[in-house]
Every structure is written in C-alpha cells, then in structure tokens.
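K.L.:
Before anything else, here's the structure in question.
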Amino acid sequence: MLCEKCGKNNATTHIRTVVNGVVTEHNLCGYCAAKEGYTDIGNNSLGEMLASVFGDVLTKNSASAALRCQCCNASFSDIAESGKVGCSECYKTFYDELLPYLKRVHGSTRHAGKIPNRAPLMVKPQKETIDSLRMKLNELVRLEKFEEAAVVRDRIKKLEEEKGNE
C-alpha cells in the first residue's frame, strides 16, 4: 500500500481517527507521518509499554514483594517490571494486586469475547432480555405458534430465576 500523501513510498503508519462517530483512516509513509506530526512510538516493546501501566507498583509497600507464585516463582514486582504475568496461577496469587490494573487497562475485569469493538453492530450478539422475550412470546401467541411460544416462555422463566438468584 502506497502513502496517501506522497504516493511514492510504502505506507508504514496507519492512523485511525474518530470524530463525532465518523471514522477516518490514513496510511502514510514514515516521512509524511513525521511531517504531519505523528512521531514513532519508538523502540519500546509491548512489555515495556505494559510495564508503564504498573509504574506505581514499585512505590507500594514491600509486604506483597515477599509473596511469590507457587507455579512460576514470579513476584508481583517481576510482573510490574516486565509487564507480563508469569503464568495462569499468577492471576490467582496476585488477584488483589492485579485487579485495579486490569480494570485500568481493559476497562473491565469481565471477558467480553473476541469480537472487536469496531465490528458492525449486526455481528455483535444481542443479549436476550426478559422484555424482548415477552414481546416475542406475545407475537408467537398472536400467530398461534404455541409450541414455539412454550419454548420462549421457558426461557423467560429461566432468566427470571437467574435474576432472582443474583
């Protein structure tokens, strides 16, 4: 792909901007990107960028510094310096320490799946609500599709039970 500005060099910088819901994308070569004011991120590795998120960890008390993961022997300081969690057991061992950073980096601590946010809305699965199921139930009864209506009714009951247990 060639640079959109000069049309000569290969585009190495890809810029996506969203202004008032309108997405624009620009593909520029390094020279044109520098002229436009977009500087290179540098030689930082992903680990170094993630480690910067944990920057304030080193100022905390050393009570948790003695704690080490039983599986990989990593300490929370090791995780903060590298920006990488040693193993899956580290998430359990350092749960209280990692939780605020996971919330800050991901915005949530609940896994939302693998559909990117920029995917079209029709691709994203819609969560069934009791209200939407009741509307569907009423429509099925109106159309006299009683077997399908019974299935929807059972789903409504199940969701109401789950909601009551929370």
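Convention: chains lettered A, B, ... in structure tokens order; per-chain residue numbering from 1; ligands numbered from 1 as shown.
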Residues near Cys72 of chain A, anyone? I mean within 9 Å using only C-alpha atoms, not counting same-chain ones fewer than 6 positions away, as an MDAnalysis selection string.
P.N.:
chainID A and resid 86:87 89:90
K.L.:
In Å, how far is it from atom CA of Glu128 of chain A to atom CA of Lys157 of chain A?
P.N.:
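We find that atom CA of Glu128 of chain A and atom CA of Lys157 of chain A lie 12.8 Å from each other.
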K.L.:
From the list A:Val85, A:Ala33, A:Ala149, A:Val23, which residue is nearest Leu133 of chain A when using only C-alpha atoms?
P.N.:
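Among the listed residues, A:Ala149 lies closest to Leu133 of chain A.
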K.L.:
Quick one: residues within 9 Å of Arg134 of chain A, only C-alpha atoms, excluding same-chain residues fewer than 4 positions away - as number ranges by chain?
P.N.:
A: 129-130, 138-139, 152-153, 156
K.L.:
Output the selection as a PDB file, in the first residue's frame - C-alpha atoms for each residue.
P.N.:
```pdb
ATOM      1  CA  THR A 129     -33.757  -9.582  27.838  1.00  0.00           C
ATOM      2  CA  ILE A 130     -36.924 -10.615  29.594  1.00  0.00           C
ATOM      3  CA  ASN A 138     -46.901 -12.242  22.640  1.00  0.00           C
ATOM      4  CA  GLU A 139     -46.210 -12.259  18.903  1.00  0.00           C
ATOM      5  CA  VAL A 152     -39.844 -18.789  24.789  1.00  0.00           C
ATOM      6  CA  ARG A 153     -41.952 -18.930  27.971  1.00  0.00           C
ATOM      7  CA  ILE A 156     -38.325 -16.252  30.329  1.00  0.00           C
TER       8      ILE A 156
END
```
K.L.:
Please provide the set of residues having any atom within 12 Å of segment 24-28 of chain A, restricted to only C-alpha atoms, with same-chain residues fewer than 6 positions apart removed, written as a ChimeraX atom specification.
P.N.:
/A:1-18,34-39
K.L.:
Work out how far apart atom CA of Lys103 of chain A and atom CA of Asp78 of chain A are and give it in Å to one decimal.
P.N.:
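One can read the atom CA of Lys103 of chain A to atom CA of Asp78 of chain A distance as 19.7 Å.
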